[in-house]
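Have a look at input.txt below; it lists compact mmCIF, N, CA and C atoms.
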# COMPACT_ATOMS: atom_id res chain seq x y z
N MET A 198 92.04 126.76 223.53
CA MET A 198 92.86 127.83 223.01
C MET A 198 92.75 129.07 223.88
N LYS A 199 91.49 129.33 224.36
CA LYS A 199 91.30 130.50 225.20
C LYS A 199 92.06 130.35 226.51
N SER A 200 92.12 129.11 227.05
CA SER A 200 92.82 128.91 228.32
C SER A 200 94.33 129.12 228.15
N VAL A 201 94.90 128.73 227.02
CA VAL A 201 96.33 128.94 226.77
C VAL A 201 96.60 130.43 226.67
N LEU A 202 95.75 131.18 225.98
CA LEU A 202 95.91 132.63 225.85
C LEU A 202 95.78 133.29 227.21
N PHE A 203 94.81 132.85 228.02
CA PHE A 203 94.60 133.39 229.36
C PHE A 203 95.83 133.16 230.23
N ILE A 204 96.39 131.95 230.22
CA ILE A 204 97.59 131.63 231.01
C ILE A 204 98.76 132.48 230.54
N PHE A 205 98.90 132.68 229.24
CA PHE A 205 99.98 133.50 228.69
C PHE A 205 99.86 134.94 229.18
N ILE A 206 98.67 135.52 229.12
CA ILE A 206 98.47 136.92 229.54
C ILE A 206 98.74 137.06 231.04
N ILE A 207 98.23 136.13 231.84
CA ILE A 207 98.46 136.18 233.29
C ILE A 207 99.95 136.05 233.59
N SER A 208 100.65 135.17 232.88
CA SER A 208 102.09 134.99 233.09
C SER A 208 102.86 136.26 232.78
N VAL A 209 102.51 136.90 231.67
CA VAL A 209 103.19 138.14 231.29
C VAL A 209 102.96 139.21 232.34
N ILE A 210 101.72 139.36 232.81
CA ILE A 210 101.42 140.37 233.83
C ILE A 210 102.17 140.05 235.12
N PHE A 211 102.17 138.80 235.52
CA PHE A 211 102.82 138.40 236.77
C PHE A 211 104.33 138.63 236.73
N PHE A 212 104.99 138.18 235.65
CA PHE A 212 106.45 138.27 235.60
C PHE A 212 106.95 139.68 235.33
N THR A 213 106.20 140.50 234.63
CA THR A 213 106.65 141.88 234.41
C THR A 213 106.38 142.74 235.62
N GLY A 214 105.49 142.31 236.49
CA GLY A 214 105.18 143.07 237.69
C GLY A 214 106.18 142.83 238.82
N CYS A 215 107.04 141.86 238.69
CA CYS A 215 108.01 141.55 239.73
C CYS A 215 109.30 142.32 239.47
N ASP A 216 109.72 143.10 240.46
CA ASP A 216 111.01 143.79 240.35
C ASP A 216 112.08 142.94 240.98
N LYS A 217 113.23 142.95 240.35
CA LYS A 217 114.36 142.23 240.93
C LYS A 217 114.90 143.06 242.09
N GLU A 218 115.07 142.42 243.23
CA GLU A 218 115.61 143.13 244.39
C GLU A 218 117.10 143.38 244.18
N ASP A 219 117.55 144.51 244.70
CA ASP A 219 118.98 144.81 244.62
C ASP A 219 119.74 143.81 245.47
N GLU A 220 120.82 143.30 244.92
CA GLU A 220 121.66 142.38 245.67
C GLU A 220 122.56 143.16 246.60
N VAL A 221 122.66 142.69 247.81
CA VAL A 221 123.59 143.28 248.76
C VAL A 221 124.87 142.47 248.68
N VAL A 222 125.93 143.14 248.30
CA VAL A 222 127.21 142.45 248.17
C VAL A 222 128.07 142.81 249.37
N ASN A 223 128.38 141.81 250.16
CA ASN A 223 129.24 141.99 251.31
C ASN A 223 130.63 141.49 250.95
N PRO A 224 131.66 142.22 251.34
CA PRO A 224 132.99 141.69 251.06
C PRO A 224 133.18 140.38 251.82
N SER A 225 133.67 139.40 251.12
CA SER A 225 133.88 138.12 251.77
C SER A 225 135.36 137.85 251.92
N GLY A 226 135.67 137.21 252.99
CA GLY A 226 137.06 136.85 253.21
C GLY A 226 137.85 137.95 253.87
N PRO A 227 139.04 137.63 254.28
CA PRO A 227 139.90 138.60 254.96
C PRO A 227 140.43 139.67 254.02
N THR A 228 140.79 140.82 254.59
CA THR A 228 141.38 141.92 253.83
C THR A 228 142.78 142.21 254.37
N ASN A 229 143.50 143.05 253.65
CA ASN A 229 144.86 143.44 254.05
C ASN A 229 145.73 142.23 254.38
N VAL A 230 145.71 141.26 253.49
CA VAL A 230 146.45 140.01 253.72
C VAL A 230 147.93 140.22 253.41
N THR A 231 148.77 139.77 254.33
CA THR A 231 150.23 139.87 254.19
C THR A 231 150.83 138.50 254.45
N GLU A 232 151.76 138.10 253.58
CA GLU A 232 152.45 136.82 253.76
C GLU A 232 153.89 137.06 254.19
N TYR A 233 154.36 136.19 255.06
CA TYR A 233 155.73 136.24 255.57
C TYR A 233 156.37 134.88 255.32
N GLU A 234 157.61 134.88 254.83
CA GLU A 234 158.33 133.64 254.54
C GLU A 234 159.73 133.71 255.10
N GLY A 235 160.27 132.55 255.44
CA GLY A 235 161.64 132.50 255.94
C GLY A 235 161.98 131.09 256.34
N SER A 236 162.80 130.98 257.39
CA SER A 236 163.24 129.64 257.79
C SER A 236 163.39 129.57 259.30
N SER A 237 163.52 128.32 259.75
CA SER A 237 163.74 128.06 261.17
C SER A 237 165.24 128.03 261.45
N ASP A 238 165.57 127.89 262.73
CA ASP A 238 166.98 127.77 263.10
C ASP A 238 167.56 126.44 262.62
N GLN A 239 166.70 125.53 262.14
CA GLN A 239 167.15 124.28 261.54
C GLN A 239 167.34 124.42 260.02
N GLY A 240 167.09 125.63 259.49
CA GLY A 240 167.23 125.87 258.06
C GLY A 240 166.06 125.35 257.23
N LYS A 241 164.92 125.11 257.88
CA LYS A 241 163.74 124.59 257.18
C LYS A 241 162.76 125.72 256.90
N ASN A 242 161.97 125.57 255.83
CA ASN A 242 161.01 126.60 255.42
C ASN A 242 159.89 126.79 256.43
N CYS A 243 159.52 128.05 256.62
CA CYS A 243 158.40 128.43 257.48
C CYS A 243 157.67 129.59 256.82
N SER A 244 156.36 129.70 257.06
CA SER A 244 155.60 130.82 256.52
C SER A 244 154.36 131.06 257.36
N ILE A 245 153.89 132.30 257.29
CA ILE A 245 152.67 132.72 257.99
C ILE A 245 151.95 133.72 257.11
N LYS A 246 150.62 133.65 257.10
CA LYS A 246 149.79 134.63 256.40
C LYS A 246 148.90 135.29 257.44
N ILE A 247 148.86 136.63 257.42
CA ILE A 247 148.08 137.41 258.37
C ILE A 247 147.10 138.29 257.60
N GLY A 248 145.87 138.43 258.11
CA GLY A 248 144.88 139.28 257.46
C GLY A 248 143.88 139.84 258.46
N ASP A 249 143.11 140.83 258.00
CA ASP A 249 142.08 141.46 258.82
C ASP A 249 140.74 140.77 258.61
N ILE A 250 140.05 140.51 259.71
CA ILE A 250 138.69 139.98 259.68
C ILE A 250 137.89 140.81 260.68
N SER A 251 136.89 141.52 260.18
CA SER A 251 136.02 142.33 261.04
C SER A 251 136.82 143.27 261.95
N GLY A 252 137.85 143.88 261.40
CA GLY A 252 138.63 144.87 262.14
C GLY A 252 139.69 144.31 263.07
N LYS A 253 139.88 143.00 263.09
CA LYS A 253 140.92 142.39 263.93
C LYS A 253 141.90 141.64 263.04
N ARG A 254 143.15 141.51 263.50
CA ARG A 254 144.20 140.80 262.76
C ARG A 254 144.23 139.34 263.19
N TYR A 255 144.31 138.44 262.20
CA TYR A 255 144.33 137.01 262.46
C TYR A 255 145.41 136.31 261.67
N ILE A 256 145.93 135.22 262.23
CA ILE A 256 146.74 134.28 261.46
C ILE A 256 145.76 133.50 260.60
N LEU A 257 145.98 133.49 259.29
CA LEU A 257 145.10 132.79 258.35
C LEU A 257 145.71 131.48 257.89
N LYS A 258 147.05 131.42 257.93
CA LYS A 258 147.74 130.22 257.45
C LYS A 258 149.11 130.17 258.10
N TYR A 259 149.55 128.95 258.40
CA TYR A 259 150.93 128.78 258.88
C TYR A 259 151.49 127.49 258.31
N SER A 260 152.79 127.45 258.21
CA SER A 260 153.51 126.25 257.80
C SER A 260 154.88 126.29 258.46
N VAL A 261 155.19 125.24 259.23
CA VAL A 261 156.48 125.15 259.91
C VAL A 261 157.06 123.78 259.61
N SER A 262 158.26 123.76 259.04
CA SER A 262 158.98 122.51 258.79
C SER A 262 160.09 122.37 259.82
N PHE A 263 160.33 121.13 260.25
CA PHE A 263 161.34 120.88 261.28
C PHE A 263 161.88 119.47 261.11
N THR A 264 163.02 119.24 261.74
CA THR A 264 163.64 117.90 261.69
C THR A 264 163.76 117.35 263.10
N TYR A 265 163.90 116.01 263.15
CA TYR A 265 164.12 115.34 264.42
C TYR A 265 164.78 113.99 264.14
N PRO A 266 165.50 113.47 265.13
CA PRO A 266 166.19 112.18 264.93
C PRO A 266 165.21 111.02 264.97
N VAL A 267 165.44 110.06 264.08
CA VAL A 267 164.60 108.86 264.05
C VAL A 267 165.41 107.71 263.47
N LEU A 268 165.42 106.59 264.15
CA LEU A 268 166.07 105.35 263.69
C LEU A 268 167.48 105.59 263.13
N GLY A 269 168.28 106.35 263.82
CA GLY A 269 169.66 106.59 263.41
C GLY A 269 169.80 107.61 262.30
N GLY A 270 168.71 108.19 261.86
CA GLY A 270 168.75 109.22 260.81
C GLY A 270 167.99 110.46 261.24
N THR A 271 167.53 111.19 260.26
CA THR A 271 166.79 112.42 260.53
C THR A 271 165.52 112.43 259.70
N ALA A 272 164.43 112.80 260.32
CA ALA A 272 163.15 112.94 259.61
C ALA A 272 162.80 114.41 259.52
N THR A 273 162.17 114.81 258.43
CA THR A 273 161.67 116.16 258.26
C THR A 273 160.15 116.10 258.19
N GLU A 274 159.51 116.96 258.94
CA GLU A 274 158.05 117.01 258.98
C GLU A 274 157.60 118.46 258.83
N THR A 275 156.42 118.65 258.27
CA THR A 275 155.83 119.97 258.15
C THR A 275 154.44 119.94 258.77
N THR A 276 154.18 120.90 259.64
CA THR A 276 152.83 121.06 260.16
C THR A 276 152.29 122.36 259.59
N SER A 277 151.05 122.33 259.11
CA SER A 277 150.47 123.51 258.48
C SER A 277 148.96 123.48 258.61
N SER A 278 148.37 124.66 258.49
CA SER A 278 146.92 124.79 258.52
C SER A 278 146.56 126.10 257.83
N GLU A 279 145.35 126.14 257.26
CA GLU A 279 144.85 127.36 256.63
C GLU A 279 143.37 127.46 256.92
N ASN A 280 142.92 128.67 257.31
CA ASN A 280 141.52 128.91 257.59
C ASN A 280 141.23 130.39 257.36
N SER A 281 140.42 130.70 256.35
CA SER A 281 140.13 132.10 256.03
C SER A 281 139.28 132.76 257.11
N ALA A 282 138.74 132.00 258.05
CA ALA A 282 138.00 132.57 259.17
C ALA A 282 138.95 132.89 260.34
N GLY A 283 140.22 132.56 260.19
CA GLY A 283 141.21 132.85 261.22
C GLY A 283 141.55 131.65 262.08
N ILE A 284 142.84 131.49 262.35
CA ILE A 284 143.34 130.41 263.19
C ILE A 284 143.60 130.93 264.60
N ALA A 285 144.23 132.08 264.69
CA ALA A 285 144.54 132.69 265.99
C ALA A 285 144.57 134.20 265.81
N GLU A 286 144.07 134.92 266.79
CA GLU A 286 144.05 136.38 266.73
C GLU A 286 145.38 136.96 267.20
N LEU A 287 145.82 138.01 266.52
CA LEU A 287 147.00 138.75 266.98
C LEU A 287 146.53 139.77 268.01
N GLN A 288 147.17 139.76 269.16
CA GLN A 288 146.87 140.74 270.18
C GLN A 288 148.16 141.44 270.53
N ASN A 289 148.18 142.77 270.35
CA ASN A 289 149.40 143.56 270.52
C ASN A 289 150.53 142.99 269.66
N ASN A 290 150.17 142.56 268.43
CA ASN A 290 151.10 142.00 267.45
C ASN A 290 151.73 140.68 267.88
N SER A 291 151.18 140.03 268.89
CA SER A 291 151.66 138.71 269.33
C SER A 291 150.59 137.67 269.08
N PHE A 292 151.01 136.42 268.90
CA PHE A 292 150.05 135.35 268.67
C PHE A 292 150.55 134.04 269.26
N THR A 293 149.59 133.16 269.54
CA THR A 293 149.87 131.78 269.94
C THR A 293 148.95 130.88 269.14
N ILE A 294 149.52 129.91 268.46
CA ILE A 294 148.75 128.93 267.70
C ILE A 294 148.89 127.60 268.42
N ASN A 295 147.74 127.01 268.77
CA ASN A 295 147.75 125.68 269.38
C ASN A 295 147.61 124.64 268.27
N VAL A 296 148.61 123.81 268.12
CA VAL A 296 148.60 122.74 267.12
C VAL A 296 148.11 121.49 267.81
N ASN A 297 146.97 120.96 267.33
CA ASN A 297 146.34 119.83 268.02
C ASN A 297 146.16 118.62 267.13
N SER A 298 147.04 118.42 266.19
CA SER A 298 146.96 117.22 265.37
C SER A 298 147.49 116.04 266.17
N ASN A 299 147.33 114.83 265.64
CA ASN A 299 147.83 113.65 266.35
C ASN A 299 149.31 113.76 266.63
N SER A 300 150.06 114.16 265.64
CA SER A 300 151.49 114.39 265.81
C SER A 300 151.92 115.35 264.72
N PRO A 301 152.44 116.49 264.99
CA PRO A 301 152.84 116.95 266.31
C PRO A 301 151.70 117.67 267.03
N LYS A 302 151.82 117.74 268.35
CA LYS A 302 150.98 118.60 269.17
C LYS A 302 151.91 119.62 269.78
N GLY A 303 151.42 120.82 269.96
CA GLY A 303 152.27 121.83 270.58
C GLY A 303 151.80 123.22 270.28
N THR A 304 152.74 124.15 270.30
CA THR A 304 152.41 125.56 270.10
C THR A 304 153.41 126.23 269.16
N ILE A 305 152.90 127.27 268.52
CA ILE A 305 153.72 128.20 267.74
C ILE A 305 153.40 129.57 268.30
N THR A 306 154.41 130.28 268.75
CA THR A 306 154.21 131.63 269.27
C THR A 306 155.05 132.59 268.44
N GLY A 307 154.58 133.82 268.36
CA GLY A 307 155.34 134.77 267.56
C GLY A 307 154.96 136.21 267.82
N GLN A 308 155.75 137.06 267.20
CA GLN A 308 155.61 138.51 267.32
C GLN A 308 155.80 139.13 265.94
N ARG A 309 154.84 139.97 265.53
CA ARG A 309 154.96 140.69 264.26
C ARG A 309 155.48 142.09 264.55
N SER A 310 156.48 142.53 263.79
CA SER A 310 157.04 143.86 263.94
C SER A 310 157.40 144.39 262.57
N ASN A 311 156.65 145.37 262.10
CA ASN A 311 156.85 145.95 260.77
C ASN A 311 156.84 144.88 259.69
N ASP A 312 157.98 144.61 259.08
CA ASP A 312 158.03 143.67 257.96
C ASP A 312 158.57 142.30 258.34
N THR A 313 158.59 141.98 259.64
CA THR A 313 159.11 140.67 260.07
C THR A 313 158.16 140.00 261.06
N VAL A 314 158.27 138.70 261.12
CA VAL A 314 157.61 137.89 262.16
C VAL A 314 158.67 136.95 262.72
N THR A 315 158.86 136.98 264.01
CA THR A 315 159.80 136.08 264.66
C THR A 315 159.04 135.26 265.70
N GLY A 316 159.56 134.08 266.00
CA GLY A 316 158.85 133.28 266.98
C GLY A 316 159.52 131.97 267.30
N ASN A 317 158.75 131.13 268.01
CA ASN A 317 159.22 129.84 268.49
C ASN A 317 158.18 128.77 268.20
N PHE A 318 158.64 127.54 268.08
CA PHE A 318 157.73 126.41 268.01
C PHE A 318 158.20 125.35 269.01
N ASN A 319 157.24 124.62 269.51
CA ASN A 319 157.52 123.57 270.48
C ASN A 319 156.50 122.47 270.24
N PHE A 320 156.95 121.31 269.76
CA PHE A 320 156.05 120.22 269.39
C PHE A 320 156.41 118.93 270.11
N GLN A 321 155.40 118.14 270.40
CA GLN A 321 155.57 116.78 270.87
C GLN A 321 155.35 115.88 269.65
N VAL A 322 156.37 115.17 269.24
CA VAL A 322 156.32 114.35 268.03
C VAL A 322 156.38 112.88 268.40
N ILE A 323 155.45 112.11 267.85
CA ILE A 323 155.47 110.66 268.03
C ILE A 323 156.29 110.07 266.87
N ARG A 324 157.42 109.48 267.22
CA ARG A 324 158.30 108.94 266.18
C ARG A 324 157.83 107.56 265.75
N ILE A 325 158.42 107.07 264.66
CA ILE A 325 158.07 105.76 264.12
C ILE A 325 158.34 104.65 265.13
N SER A 326 159.29 104.90 266.04
CA SER A 326 159.58 103.92 267.09
C SER A 326 158.55 103.99 268.22
N ASN A 327 157.53 104.82 268.04
CA ASN A 327 156.39 104.96 268.93
C ASN A 327 156.73 105.63 270.26
N ASP A 328 157.84 106.33 270.33
CA ASP A 328 158.11 107.14 271.50
C ASP A 328 157.85 108.61 271.15
N THR A 329 157.75 109.44 272.15
CA THR A 329 157.44 110.86 271.94
C THR A 329 158.65 111.69 272.34
N ILE A 330 159.01 112.64 271.48
CA ILE A 330 160.11 113.56 271.79
C ILE A 330 159.62 114.99 271.61
N THR A 331 160.32 115.92 272.22
CA THR A 331 160.03 117.34 272.06
C THR A 331 160.97 117.92 271.02
N VAL A 332 160.38 118.63 270.07
CA VAL A 332 161.16 119.32 269.05
C VAL A 332 160.84 120.81 269.21
N ALA A 333 161.87 121.61 269.42
CA ALA A 333 161.67 123.05 269.62
C ALA A 333 162.63 123.82 268.73
N GLY A 334 162.23 125.01 268.37
CA GLY A 334 163.10 125.84 267.54
C GLY A 334 162.55 127.25 267.41
N THR A 335 163.25 128.04 266.64
CA THR A 335 162.84 129.42 266.38
C THR A 335 162.70 129.63 264.89
N PHE A 336 162.01 130.70 264.51
CA PHE A 336 161.90 131.06 263.10
C PHE A 336 162.00 132.57 262.94
N ASN A 337 162.42 132.97 261.75
CA ASN A 337 162.54 134.38 261.41
C ASN A 337 161.98 134.55 260.00
N LEU A 338 160.91 135.32 259.86
CA LEU A 338 160.23 135.48 258.59
C LEU A 338 160.23 136.94 258.14
N ALA A 339 160.30 137.14 256.83
CA ALA A 339 160.25 138.48 256.26
C ALA A 339 159.02 138.61 255.38
N LYS A 340 158.52 139.82 255.27
CA LYS A 340 157.34 140.10 254.45
C LYS A 340 157.63 139.71 253.00
N LYS A 341 156.71 138.95 252.43
CA LYS A 341 156.87 138.49 251.04
C LYS A 341 156.61 139.68 250.11
N GLN A 342 157.51 139.86 249.18
CA GLN A 342 157.38 141.00 248.26
C GLN A 342 156.51 140.70 247.08

What is this structure when it is put down as structure tokens?
Amino acid sequence: MKSVLFIFIISVIFFTGCDKEDEVVNPSGPTNVTEYEGSSDQGKNCSIKIGDISGKRYILKYSVSFTYPVLGGTATETTSSENSAGIAELQNNSFTINVNSNSPKGTITGQRSNDTVTGNFNFQVIRISNDTITVAGTFNLAKKQ
């Protein structure tokens, strides 16, 4: 019984003597996030999300839909990616995104100006017939309200 009482007293002294350290809360994730939506010259949906990370502007997300001919018809494909750590940095309000998936591979380039983002895409697409074609186009996006 004495040992239980001794353990209890030591536990009370030990746990009341410990101060909880102040938690340091760091803001996580990008700030000043702005989304832009619109379409390509093919009339397909496109979007880009831009935000600040450590004082620099980055593309955080993109989505580009496009069409191409296949087997006597037309196929629609969307390439997209999202990364809160940033996909590509904006430099002088311009950006280049390297798309390195199996298909499509290529680039998305653009320019941000006030409430719009305009740009181009150029992809190498492997069709179902196992040949590769180039699909290129432009997009015009407006700031999402």

- Could you give me, as a VMD selection string, the residues that have an atom at most 9 Å away from the point (151.7, 121.0, 269.6) in the coordinates of the file, using only C-alpha atoms? chain A and resid 294 to 305 318 to 322

- Message: For a quick check of understanding, using only N, CA and C atoms, which of A:Arg324, A:Thr313, A:Leu268, A:Ile284 has the smallest distance to Tyr233 of chain A?
- Response: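 Looking at the shortest contact to Tyr233 of chain A, the residue is A:Thr313.
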
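The interatomic distance for the pair atom CA of Ser278 of chain A and atom CA of Pro227 of chain A works out to 15.9 Å.
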
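Excluding Leu257 of chain A and any residue on its chain fewer than 4 positions from it, the residues at most 6.5 Å away by only N, CA and C atoms are Ile245, Lys246, Ile247, Gly248, Ser278, Glu279, Asn280, Ser281, Ala282, Gly283, Ile284 and Ala285 of chain A.
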
- List every residue of segment 229-297 of chain A that DSSP, applied to the backbone, labels as strand (DSSP E), and write the result as a VMD selection string. chain A and resid 229 to 237 242 to 250 253 to 267 270 to 279 285 to 286 291 to 297

I need the chosen residues saved as a compact mmCIF listing (two decimals), in the frame of the given file, with N, CA and C atoms.
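File produced: selection.txt:
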# COMPACT_ATOMS: atom_id res chain seq x y z
N ASN A 229 143.50 143.05 253.65
CA ASN A 229 144.86 143.44 254.05
C ASN A 229 145.73 142.23 254.38
N VAL A 230 145.71 141.26 253.49
CA VAL A 230 146.45 140.01 253.72
C VAL A 230 147.93 140.22 253.41
N THR A 231 148.77 139.77 254.33
CA THR A 231 150.23 139.87 254.19
C THR A 231 150.83 138.50 254.45
N GLU A 232 151.76 138.10 253.58
CA GLU A 232 152.45 136.82 253.76
C GLU A 232 153.89 137.06 254.19
N TYR A 233 154.36 136.19 255.06
CA TYR A 233 155.73 136.24 255.57
C TYR A 233 156.37 134.88 255.32
N GLU A 234 157.61 134.88 254.83
CA GLU A 234 158.33 133.64 254.54
C GLU A 234 159.73 133.71 255.10
N GLY A 235 160.27 132.55 255.44
CA GLY A 235 161.64 132.50 255.94
C GLY A 235 161.98 131.09 256.34
N SER A 236 162.80 130.98 257.39
CA SER A 236 163.24 129.64 257.79
C SER A 236 163.39 129.57 259.30
N SER A 237 163.52 128.32 259.75
CA SER A 237 163.74 128.06 261.17
C SER A 237 165.24 128.03 261.45
N ASN A 242 161.97 125.57 255.83
CA ASN A 242 161.01 126.60 255.42
C ASN A 242 159.89 126.79 256.43
N CYS A 243 159.52 128.05 256.62
CA CYS A 243 158.40 128.43 257.48
C CYS A 243 157.67 129.59 256.82
N SER A 244 156.36 129.70 257.06
CA SER A 244 155.60 130.82 256.52
C SER A 244 154.36 131.06 257.36
N ILE A 245 153.89 132.30 257.29
CA ILE A 245 152.67 132.72 257.99
C ILE A 245 151.95 133.72 257.11
N LYS A 246 150.62 133.65 257.10
CA LYS A 246 149.79 134.63 256.40
C LYS A 246 148.90 135.29 257.44
N ILE A 247 148.86 136.63 257.42
CA ILE A 247 148.08 137.41 258.37
C ILE A 247 147.10 138.29 257.60
N GLY A 248 145.87 138.43 258.11
CA GLY A 248 144.88 139.28 257.46
C GLY A 248 143.88 139.84 258.46
N ASP A 249 143.11 140.83 258.00
CA ASP A 249 142.08 141.46 258.82
C ASP A 249 140.74 140.77 258.61
N ILE A 250 140.05 140.51 259.71
CA ILE A 250 138.69 139.98 259.68
C ILE A 250 137.89 140.81 260.68
N LYS A 253 139.88 143.00 263.09
CA LYS A 253 140.92 142.39 263.93
C LYS A 253 141.90 141.64 263.04
N ARG A 254 143.15 141.51 263.50
CA ARG A 254 144.20 140.80 262.76
C ARG A 254 144.23 139.34 263.19
N TYR A 255 144.31 138.44 262.20
CA TYR A 255 144.33 137.01 262.46
C TYR A 255 145.41 136.31 261.67
N ILE A 256 145.93 135.22 262.23
CA ILE A 256 146.74 134.28 261.46
C ILE A 256 145.76 133.50 260.60
N LEU A 257 145.98 133.49 259.29
CA LEU A 257 145.10 132.79 258.35
C LEU A 257 145.71 131.48 257.89
N LYS A 258 147.05 131.42 257.93
CA LYS A 258 147.74 130.22 257.45
C LYS A 258 149.11 130.17 258.10
N TYR A 259 149.55 128.95 258.40
CA TYR A 259 150.93 128.78 258.88
C TYR A 259 151.49 127.49 258.31
N SER A 260 152.79 127.45 258.21
CA SER A 260 153.51 126.25 257.80
C SER A 260 154.88 126.29 258.46
N VAL A 261 155.19 125.24 259.23
CA VAL A 261 156.48 125.15 259.91
C VAL A 261 157.06 123.78 259.61
N SER A 262 158.26 123.76 259.04
CA SER A 262 158.98 122.51 258.79
C SER A 262 160.09 122.37 259.82
N PHE A 263 160.33 121.13 260.25
CA PHE A 263 161.34 120.88 261.28
C PHE A 263 161.88 119.47 261.11
N THR A 264 163.02 119.24 261.74
CA THR A 264 163.64 117.90 261.69
C THR A 264 163.76 117.35 263.10
N TYR A 265 163.90 116.01 263.15
CA TYR A 265 164.12 115.34 264.42
C TYR A 265 164.78 113.99 264.14
N PRO A 266 165.50 113.47 265.13
CA PRO A 266 166.19 112.18 264.93
C PRO A 266 165.21 111.02 264.97
N VAL A 267 165.44 110.06 264.08
CA VAL A 267 164.60 108.86 264.05
C VAL A 267 165.41 107.71 263.47
N GLY A 270 168.71 108.19 261.86
CA GLY A 270 168.75 109.22 260.81
C GLY A 270 167.99 110.46 261.24
N THR A 271 167.53 111.19 260.26
CA THR A 271 166.79 112.42 260.53
C THR A 271 165.52 112.43 259.70
N ALA A 272 164.43 112.80 260.32
CA ALA A 272 163.15 112.94 259.61
C ALA A 272 162.80 114.41 259.52
N THR A 273 162.17 114.81 258.43
CA THR A 273 161.67 116.16 258.26
C THR A 273 160.15 116.10 258.19
N GLU A 274 159.51 116.96 258.94
CA GLU A 274 158.05 117.01 258.98
C GLU A 274 157.60 118.46 258.83
N THR A 275 156.42 118.65 258.27
CA THR A 275 155.83 119.97 258.15
C THR A 275 154.44 119.94 258.77
N THR A 276 154.18 120.90 259.64
CA THR A 276 152.83 121.06 260.16
C THR A 276 152.29 122.36 259.59
N SER A 277 151.05 122.33 259.11
CA SER A 277 150.47 123.51 258.48
C SER A 277 148.96 123.48 258.61
N SER A 278 148.37 124.66 258.49
CA SER A 278 146.92 124.79 258.52
C SER A 278 146.56 126.10 257.83
N GLU A 279 145.35 126.14 257.26
CA GLU A 279 144.85 127.36 256.63
C GLU A 279 143.37 127.46 256.92
N ALA A 285 144.23 132.08 264.69
CA ALA A 285 144.54 132.69 265.99
C ALA A 285 144.57 134.20 265.81
N GLU A 286 144.07 134.92 266.79
CA GLU A 286 144.05 136.38 266.73
C GLU A 286 145.38 136.96 267.20
N SER A 291 151.18 140.03 268.89
CA SER A 291 151.66 138.71 269.33
C SER A 291 150.59 137.67 269.08
N PHE A 292 151.01 136.42 268.90
CA PHE A 292 150.05 135.35 268.67
C PHE A 292 150.55 134.04 269.26
N THR A 293 149.59 133.16 269.54
CA THR A 293 149.87 131.78 269.94
C THR A 293 148.95 130.88 269.14
N ILE A 294 149.52 129.91 268.46
CA ILE A 294 148.75 128.93 267.70
C ILE A 294 148.89 127.60 268.42
N ASN A 295 147.74 127.01 268.77
CA ASN A 295 147.75 125.68 269.38
C ASN A 295 147.61 124.64 268.27
N VAL A 296 148.61 123.81 268.12
CA VAL A 296 148.60 122.74 267.12
C VAL A 296 148.11 121.49 267.81
N ASN A 297 146.97 120.96 267.33
CA ASN A 297 146.34 119.83 268.02
C ASN A 297 146.16 118.62 267.13

- Task: Tell me which protein, DNA and RNA residues are within 6 Å of Leu338 of chain A, counting only N, CA and C atoms, leaving out same-chain ones fewer than 6 positions away, and put them as a list in words.
- Result: Tyr233, Glu234, Gly235, Ser236, Asp312, Thr313, Val314 and Thr315 of chain A

- Message: Counting all atoms listed in the file, which residue out of A:Asn311, A:Gln288, A:Asp328, A:Ala272 sits closest to Lys340 of chain A?
- Response: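 The answer is A:Asn311, which sits nearest to Lys340 of chain A.
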
- Message: Please compute the atom N of Thr276 of chain A-atom N of Ser225 of chain A distance, one decimal, in Å.
- Response: 28.9 Å

- Message: Please compute the atom N of Ser244 of chain A-atom N of Gly270 of chain A distance, one decimal, in Å.
- Response: 25.3 Å

- Of the listed residues A:Leu287, A:Ala333, A:Ile250, A:Ile325, that which approaches Asp238 of chain A most closely, counting all atoms listed in the file: A:Ala333

- Message: Using only C-alpha atoms, can you tell me which of A:Thr275, A:Ser262, A:Asn327, A:Ser310 comes closest to Ala339 of chain A?
- Response: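 The closest residue to Ala339 of chain A is A:Ser310.
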